[in-house]
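To be precise, the following lines are model23.pdb, and they hold PDB, C-alpha atoms.
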MODEL        1
ATOM      1  CA  MET A  13      85.736 110.262  93.587
ATOM      2  CA  ILE A  14      87.959 107.346  94.606
ATOM      3  CA  ARG A  15      88.986 104.885  91.922
ATOM      4  CA  ARG A  16      90.810 101.618  92.459
ATOM      5  CA  LEU A  17      93.385 100.993  89.797
ATOM      6  CA  ALA A  18      95.217  97.806  89.025
ATOM      7  CA  VAL A  19      95.578  97.135  85.347
ATOM      8  CA  ALA A  20      94.642  93.727  83.998
ATOM      9  CA  LEU A  21      97.442  93.176  81.510
ATOM     10  CA  VAL A  22      95.460  91.109  79.031
ATOM     11  CA  ALA A  23      92.806  93.825  78.944
ATOM     12  CA  MET A  24      95.492  96.367  78.119
ATOM     13  CA  LEU A  25      96.351  94.359  75.027
ATOM     14  CA  VAL A  26      92.880  95.213  73.752
ATOM     15  CA  ALA A  27      93.646  98.881  74.384
ATOM     16  CA  ALA A  28      96.667  98.511  72.143
ATOM     17  CA  GLY A  29      94.409  97.487  69.295
ATOM     18  CA  CYS A  30      95.820  93.974  69.095
ATOM     19  CA  SER A  31      92.415  92.334  69.383
ATOM     20  CA  GLY A  32      90.326  94.775  67.377
ATOM     21  CA  ASP A  33      87.616  97.111  68.599
ATOM     22  CA  ASP A  34      85.145  94.490  69.799
ATOM     23  CA  ALA A  35      83.658  95.006  73.244
ATOM     24  CA  VAL A  36      85.294  93.035  76.048
ATOM     25  CA  ASP A  37      83.081  91.008  78.379
ATOM     26  CA  SER A  38      84.928  92.121  81.507
ATOM     27  CA  ALA A  39      84.018  91.053  85.026
ATOM     28  CA  THR A  40      85.425  94.351  86.340
ATOM     29  CA  PRO A  41      84.714  97.996  85.440
ATOM     30  CA  ARG A  42      86.684 100.109  83.020
ATOM     31  CA  ILE A  43      89.344 102.474  84.313
ATOM     32  CA  THR A  44      89.059 106.202  83.718
ATOM     33  CA  ALA A  45      91.077 109.197  84.865
ATOM     34  CA  GLU A  46      90.785 112.940  84.465
ATOM     35  CA  GLU A  47      92.407 114.729  81.552
ATOM     36  CA  GLY A  48      92.502 117.966  83.539
ATOM     37  CA  GLY A  49      93.047 118.711  87.195
ATOM     38  CA  GLU A  50      96.003 119.660  89.307
ATOM     39  CA  LEU A  51      97.918 116.429  88.561
ATOM     40  CA  SER A  52      97.559 116.625  84.784
ATOM     41  CA  SER A  53     100.855 118.500  84.404
ATOM     42  CA  PHE A  54     102.664 115.341  85.552
ATOM     43  CA  VAL A  55     101.296 113.222  82.695
ATOM     44  CA  LEU A  56     103.751 112.702  79.843
ATOM     45  CA  ALA A  57     103.110 113.899  76.305
ATOM     46  CA  ALA A  58     102.920 111.417  73.451
ATOM     47  CA  GLU A  59     106.087 112.932  71.969
ATOM     48  CA  SER A  60     108.014 112.088  75.134
ATOM     49  CA  ILE A  61     106.853 108.486  75.258
ATOM     50  CA  GLY A  62     107.406 108.153  71.510
ATOM     51  CA  SER A  63     111.061 109.081  71.987
ATOM     52  CA  VAL A  64     111.638 105.785  73.829
ATOM     53  CA  ASP A  65     112.885 102.808  71.832
ATOM     54  CA  GLY A  66     109.957 100.493  71.128
ATOM     55  CA  PHE A  67     107.245 103.100  71.716
ATOM     56  CA  GLU A  68     107.721 105.162  68.559
ATOM     57  CA  GLY A  69     104.625 106.632  66.996
ATOM     58  CA  VAL A  70     102.308 106.335  69.998
ATOM     59  CA  VAL A  71      99.136 108.412  69.897
ATOM     60  CA  ALA A  72      97.554 109.793  73.054
ATOM     61  CA  GLN A  73      94.019 108.784  73.996
ATOM     62  CA  GLU A  74      91.821 109.516  76.983
ATOM     63  CA  LEU A  75      91.525 106.505  79.255
ATOM     64  CA  GLY A  76      87.757 106.646  78.902
ATOM     65  CA  ASP A  77      88.142 106.006  75.160
ATOM     66  CA  VAL A  78      90.081 102.736  75.472
ATOM     67  CA  GLN A  79      89.272  99.360  76.961
ATOM     68  CA  VAL A  80      91.369  99.214  80.122
ATOM     69  CA  PHE A  81      89.841  97.485  83.127
ATOM     70  CA  GLU A  82      90.372  97.076  86.850
ATOM     71  CA  ASN A  83      92.301  93.994  87.889
ATOM     72  CA  PRO A  84      90.337  91.504  90.027
ATOM     73  CA  ASP A  85      93.540  89.915  91.331
ATOM     74  CA  PRO A  86      96.093  92.672  92.058
ATOM     75  CA  ARG A  87      99.638  91.497  92.715
ATOM     76  CA  GLY A  88     103.008  92.895  93.569
ATOM     77  CA  PRO A  89     105.795  92.810  90.985
ATOM     78  CA  CYS A  90     106.873  89.338  92.116
ATOM     79  CA  GLY A  91     103.382  87.888  92.515
ATOM     80  CA  GLY A  92     102.499  88.543  96.137
ATOM     81  CA  SER A  93      98.967  89.663  96.949
ATOM     82  CA  SER A  94      98.639  93.434  96.879
ATOM     83  CA  PRO A  95      95.930  95.944  97.650
ATOM     84  CA  ALA A  96      94.591  97.796  94.654
ATOM     85  CA  PRO A  97      95.696 101.414  94.964
ATOM     86  CA  PRO A  98      92.906 103.796  95.940
ATOM     87  CA  LEU A  99      93.383 106.699  93.577
ATOM     88  CA  GLU A 100      91.639 109.959  94.391
ATOM     89  CA  ASP A 101      91.670 112.923  91.993
ATOM     90  CA  THR A 102      93.824 111.083  89.477
ATOM     91  CA  ALA A 103      95.130 112.212  86.118
ATOM     92  CA  GLY A 104      96.025 109.836  83.336
ATOM     93  CA  ARG A 105      96.239 108.980  79.689
ATOM     94  CA  SER A 106      96.669 106.041  77.332
ATOM     95  CA  PHE A 107      99.194 105.955  74.494
ATOM     96  CA  ALA A 108      98.932 103.404  71.703
ATOM     97  CA  ALA A 109     100.795 102.372  68.571
ATOM     98  CA  GLU A 110     100.681  99.209  66.487
ATOM     99  CA  GLY A 111     101.304  96.310  68.858
ATOM    100  CA  VAL A 112     101.970  98.311  72.024
ATOM    101  CA  SER A 113      99.960 100.208  74.645
ATOM    102  CA  VAL A 114     101.167 102.462  77.465
ATOM    103  CA  VAL A 115      98.944 103.643  80.316
ATOM    104  CA  GLN A 116     100.060 106.314  82.799
ATOM    105  CA  VAL A 117      98.129 107.346  85.902
ATOM    106  CA  VAL A 118      99.313 109.998  88.375
ATOM    107  CA  ALA A 119      97.977 110.114  91.931
ATOM    108  CA  SER A 120      98.817 111.335  95.404
ATOM    109  CA  GLY A 121      97.818 110.696  98.991
ATOM    110  CA  ALA A 122      98.578 108.453 101.961
ATOM    111  CA  ASP A 123      96.693 105.481 100.501
ATOM    112  CA  VAL A 124      98.753 105.650  97.329
ATOM    113  CA  ASP A 125     101.958 105.742  99.385
ATOM    114  CA  ALA A 126     100.781 102.641 101.254
ATOM    115  CA  TYR A 127     100.204 100.887  97.940
ATOM    116  CA  VAL A 128     103.692 101.798  96.677
ATOM    117  CA  ASP A 129     105.225 100.541  99.920
ATOM    118  CA  ALA A 130     103.371  97.226  99.524
ATOM    119  CA  GLN A 131     104.646  96.906  95.964
ATOM    120  CA  LEU A 132     108.225  97.553  97.056
ATOM    121  CA  ASP A 133     107.893  95.028  99.878
ATOM    122  CA  ASP A 134     107.019  92.334  97.316
ATOM    123  CA  ILE A 135     110.314  92.620  95.440
ATOM    124  CA  ALA A 136     112.239  89.394  95.955
ATOM    125  CA  ASP A 137     115.000  87.307  94.416
ATOM    126  CA  PRO A 138     113.992  85.056  92.728
ATOM    127  CA  CYS A 139     110.995  86.977  91.423
ATOM    128  CA  GLY A 140     108.063  84.819  90.225
ATOM    129  CA  PRO A 141     106.766  83.071  88.216
ATOM    130  CA  TYR A 142     103.158  83.360  89.377
ATOM    131  CA  ASP A 143      99.578  82.876  88.194
ATOM    132  CA  SER A 144      96.817  85.451  88.506
ATOM    133  CA  THR A 145      93.197  85.829  87.426
ATOM    134  CA  THR A 146      92.353  88.326  84.692
ATOM    135  CA  ASN A 147      89.339  90.563  84.308
ATOM    136  CA  VAL A 148      87.852  88.081  81.815
ATOM    137  CA  GLU A 149      88.125  85.290  84.406
ATOM    138  CA  THR A 150      91.002  83.405  82.809
ATOM    139  CA  VAL A 151      94.319  82.543  84.460
ATOM    140  CA  GLN A 152      97.509  84.132  83.180
ATOM    141  CA  THR A 153     101.056  83.079  84.002
ATOM    142  CA  VAL A 154     103.629  85.834  84.518
ATOM    143  CA  ASP A 155     107.289  84.855  84.270
ATOM    144  CA  SER A 156     110.681  85.978  82.948
ATOM    145  CA  ILE A 157     110.440  88.893  85.366
ATOM    146  CA  ASP A 158     113.256  91.442  85.457
ATOM    147  CA  ILE A 159     112.926  94.146  88.085
ATOM    148  CA  VAL A 160     115.144  97.073  89.063
ATOM    149  CA  PRO A 161     114.418  98.879  92.359
ATOM    150  CA  LEU A 162     115.184 102.591  92.450
ATOM    151  CA  ALA A 163     117.143 104.382  95.157
ATOM    152  CA  ASP A 164     115.544 105.625  98.380
ATOM    153  CA  GLU A 165     112.415 103.452  97.920
ATOM    154  CA  SER A 166     111.240 105.806  95.178
ATOM    155  CA  GLY A 167     109.910 102.967  93.039
ATOM    156  CA  PHE A 168     111.029 100.431  90.458
ATOM    157  CA  PHE A 169     110.736  99.447  86.802
ATOM    158  CA  SER A 170     110.287  95.950  85.423
ATOM    159  CA  THR A 171     109.494  93.729  82.443
ATOM    160  CA  ALA A 172     107.806  90.324  82.187
ATOM    161  CA  ARG A 173     106.236  87.755  79.881
ATOM    162  CA  ILE A 174     102.507  87.008  80.183
ATOM    163  CA  GLN A 175     100.965  83.770  78.890
ATOM    164  CA  ASN A 176      97.220  83.330  78.725
ATOM    165  CA  ALA A 177      95.025  80.865  76.836
ATOM    166  CA  GLY A 178      97.799  79.973  74.405
ATOM    167  CA  GLN A 179      98.699  83.610  73.753
ATOM    168  CA  THR A 180     101.986  85.220  74.768
ATOM    169  CA  ILE A 181     102.313  88.951  75.307
ATOM    170  CA  TYR A 182     104.851  91.090  77.128
ATOM    171  CA  GLY A 183     104.479  93.605  79.914
ATOM    172  CA  GLY A 184     106.405  96.392  81.534
ATOM    173  CA  SER A 185     105.685  98.539  84.550
ATOM    174  CA  ALA A 186     107.155 101.427  86.466
ATOM    175  CA  ILE A 187     106.244 103.072  89.738
ATOM    176  CA  ILE A 188     107.935 106.407  90.362
ATOM    177  CA  ARG A 189     107.356 108.432  93.540
ATOM    178  CA  VAL A 190     108.667 111.982  93.930
ATOM    179  CA  ASP A 191     107.712 113.732  97.161
ATOM    180  CA  ASP A 192     103.933 113.239  97.511
ATOM    181  CA  VAL A 193     103.113 112.448  93.863
ATOM    182  CA  THR A 194     103.283 108.974  92.325
ATOM    183  CA  SER A 195     103.168 107.948  88.678
ATOM    184  CA  LEU A 196     102.120 104.430  87.705
ATOM    185  CA  VAL A 197     103.004 103.268  84.187
ATOM    186  CA  PHE A 198     101.920 100.002  82.595
ATOM    187  CA  VAL A 199     102.977  98.727  79.169
ATOM    188  CA  VAL A 200     101.779  95.776  77.097
ATOM    189  CA  GLY A 201     103.134  94.696  73.723
ATOM    190  CA  VAL A 202     103.142  91.827  71.281
ATOM    191  CA  GLU A 203     106.953  91.882  71.219
ATOM    192  CA  PRO A 204     109.322  91.675  74.210
ATOM    193  CA  ILE A 205     109.773  95.007  75.980
ATOM    194  CA  ALA A 206     113.371  95.923  76.659
ATOM    195  CA  LEU A 207     114.315  96.658  80.253
ATOM    196  CA  THR A 208     116.344  99.596  78.933
ATOM    197  CA  SER A 209     113.148 101.011  77.396
ATOM    198  CA  MET A 210     111.394 100.841  80.760
ATOM    199  CA  GLU A 211     114.425 102.523  82.341
ATOM    200  CA  SER A 212     114.219 105.341  79.788
ATOM    201  CA  LEU A 213     110.492 105.686  80.407
ATOM    202  CA  ALA A 214     111.055 105.756  84.176
ATOM    203  CA  ARG A 215     113.619 108.539  83.769
ATOM    204  CA  LEU A 216     111.167 110.592  81.705
ATOM    205  CA  VAL A 217     108.472 110.092  84.328
ATOM    206  CA  ASP A 218     110.857 111.075  87.120
ATOM    207  CA  ALA A 219     111.889 114.241  85.270
ATOM    208  CA  GLN A 220     108.258 115.172  84.626
ATOM    209  CA  LEU A 221     107.325 114.669  88.285
ATOM    210  CA  ARG A 222     110.181 116.943  89.317
ATOM    211  CA  SER A 223     109.379 119.670  86.807
ATOM    212  CA  GLY A 224     105.590 119.391  86.354
TER     213      GLY A 224
ENDMDL
END
In structure tokens, write the structure found in this file.
Amino acid sequence: MIRRLAVALVAMLVAAGCSGDDAVDSATPRITAEEGGELSSFVLAAESIGSVDGFEGVVAQELGDVQVFENPDPRGPCGGSSPAPPLEDTAGRSFAAEGVSVVQVVASGADVDAYVDAQLDDIADPCGPYDSTTNVETVQTVDSIDIVPLADESGFFSTARIQNAGQTIYGGSAIIRVDDVTSLVFVVGVEPIALTSMESLARLVDAQLRSG
């Protein structure tokens, strides 16, 4: 089964429990990923993510049990149009604590590599701001973007502020590619996410990809 993943950041806030358990009237389908499978060993444990400053106390959940949706308007880290990554035979998990949600998906294949390359090609200075459409058909503004590319085009990690309908939330992301396996990590919180926290998370992901 091929799934197209691009996380709508406002939808991820719901996954963090910041908007209650009410159903979301999303214009796009929910995202799921396998708990088992050959890529599952690359998914981090809750204890690992909880060791990062700002993510303490996260509890693991299957993606099918939280409200995370496909993004109708996928972008690169600096706002350029991007293909949604086609993810075949994925593994993934959601991790949530009060006010913060982390989603990790692990995938492999040529199409995923093409997606990562497109994301890296969008890195620019200055980076953003930009507007994009959410899965609930509102427009969000993404600004205050900090992005750190990794060596050898192996990925990047970043943080940003997201404003939508009078609400301000904060996002972080990391793409880490080791050999033919790629891990995508997306974070949303009600408080600013430190770039150092995303760096620590990226290092944990990298170590897991190399040892898993």
Original post:
Quick one: of A:Thr44, A:Ser113, A:Ser53, A:Ser166, who's nearest to Gly69 (chain A), counting all atoms listed in the file?
Top reply: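 Using all atoms listed in the file, the shortest distance to Gly69 (chain A) belongs to A:Ser113.
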Give one line per residue of region 93-161 of chain A that approaches region 199-216 of chain A to at most 7 Å, naming the two atoms of the closest pair and their distance in Å to one decimal, counting only C-alpha atoms; sort by chain then ascending residue number and deliver it as JSON lines.
{"residue": "A:Gly111", "atom": "CA", "partner": "A:Val202", "partner_atom": "CA", "distance": 5.4}
{"residue": "A:Val112", "atom": "CA", "partner": "A:Gly201", "partner_atom": "CA", "distance": 4.2}
{"residue": "A:Ser113", "atom": "CA", "partner": "A:Val200", "partner_atom": "CA", "distance": 5.4}
{"residue": "A:Val114", "atom": "CA", "partner": "A:Val199", "partner_atom": "CA", "distance": 4.5}
{"residue": "A:Val115", "atom": "CA", "partner": "A:Val199", "partner_atom": "CA", "distance": 6.5}
Original post:
Contacts of Asp191 (chain A) at 12 Å or less, counting all atoms listed in the file, minus same-chain residues fewer than 2 places along, as a list of chain:residue names?
Top reply: A:Ala119, A:Ser120, A:Gly121, A:Ala122, A:Asp125, A:Asp164, A:Glu165, A:Ser166, A:Gly167, A:Ile188, A:Arg189, A:Val193, A:Thr194, A:Ser195, A:Asp218, A:Leu221, A:Arg222
**OP:** For Arg105 (chain A), please output as a PyMOL selection string all residues within 8 Å (counting all atoms listed in the file; exclusion window: fewer than 3 positions along the same chain).
**Re:** chain A and resi 45+47+55+72-75+115-117
**OP:** Go through A:Phe107, A:Tyr142, A:Phe81, A:Phe198 one by one, measure the shortest atom-to-atom distance of each to Ser156 (chain A) using only C-alpha atoms, and give the residue with the smallest value.
**Re:**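 Smallest distance to Ser156 (chain A) is found for A:Tyr142.
One finds CA of Ile181 (chain A) at 18.1 Å from CA of Ser106 (chain A).
Each of A:Glu68, A:Asp143, A:Asp192, A:Asp37 was checked against Asn176 (chain A) using only C-alpha atoms; the smallest atom-to-atom distance is that of A:Asp143.
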Using the chain letters and numbers from the file, give me the residues hit by the PyMOL selection byres ((chain A and resi 89) around 7), as a compact mmCIF listing (two decimals) with C-alpha atoms, in the frame of the given file.
# COMPACT_ATOMS: atom_id res chain seq x y z
CA ARG A 87 99.64 91.50 92.72
CA GLY A 88 103.01 92.90 93.57
CA CYS A 90 106.87 89.34 92.12
CA GLY A 91 103.38 87.89 92.52
CA GLN A 131 104.65 96.91 95.96
CA ASP A 134 107.02 92.33 97.32
CA ILE A 135 110.31 92.62 95.44
**OP:** Using all atoms listed in the file, find the one residue out of A:Ala103, A:Ala130, A:Val124, A:Ala39 that sits nearest to Thr150 (chain A).
**Re:** A:Ala39
Original post:
What separation in Å, quoted to one decimal, exists between CA of Leu132 (chain A) and CA of Thr171 (chain A)?
Top reply: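 Those two atoms sit 15.2 Å apart.
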Original post:
Separation of CA of Ala163 (chain A) and CA of Ser93 (chain A), in Å?
Top reply: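 Taking CA of Ala163 (chain A) and CA of Ser93 (chain A), their separation equals 23.5 Å.
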Subject >> Nearest candidate to Gln152 (chain A) (options A:Asp101, A:Asp129, A:Glu110, A:Asp85; using all atoms listed in the file) >> reply: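 Among A:Asp101, A:Asp129, A:Glu110, A:Asp85, it is A:Asp85 that comes nearest to Gln152 (chain A).
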**OP:** Take the point (89.5, 97.0, 81.2) as written in the file and pick out every residue within 6 Å of it, counting only C-alpha atoms; give the list as a PyMOL selection string.
**Re:** chain A and resi 23+42+79-82
For the PyMOL selection byres ((chain A and resi 54) around 8), applied here, can you spell out every residue it catches as a PDB file with C-alpha atoms, in the coordinates of the input?
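The resulting file, expr.pdb, is reproduced below:
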ATOM      1  CA  LEU A  51      97.918 116.429  88.561  1.00  0.00           C
ATOM      2  CA  SER A  52      97.559 116.625  84.784  1.00  0.00           C
ATOM      3  CA  SER A  53     100.855 118.500  84.404  1.00  0.00           C
ATOM      4  CA  VAL A  55     101.296 113.222  82.695  1.00  0.00           C
ATOM      5  CA  LEU A  56     103.751 112.702  79.843  1.00  0.00           C
ATOM      6  CA  VAL A 118      99.313 109.998  88.375  1.00  0.00           C
ATOM      7  CA  VAL A 217     108.472 110.092  84.328  1.00  0.00           C
ATOM      8  CA  GLN A 220     108.258 115.172  84.626  1.00  0.00           C
ATOM      9  CA  LEU A 221     107.325 114.669  88.285  1.00  0.00           C
ATOM     10  CA  GLY A 224     105.590 119.391  86.354  1.00  0.00           C
TER      11      GLY A 224
END
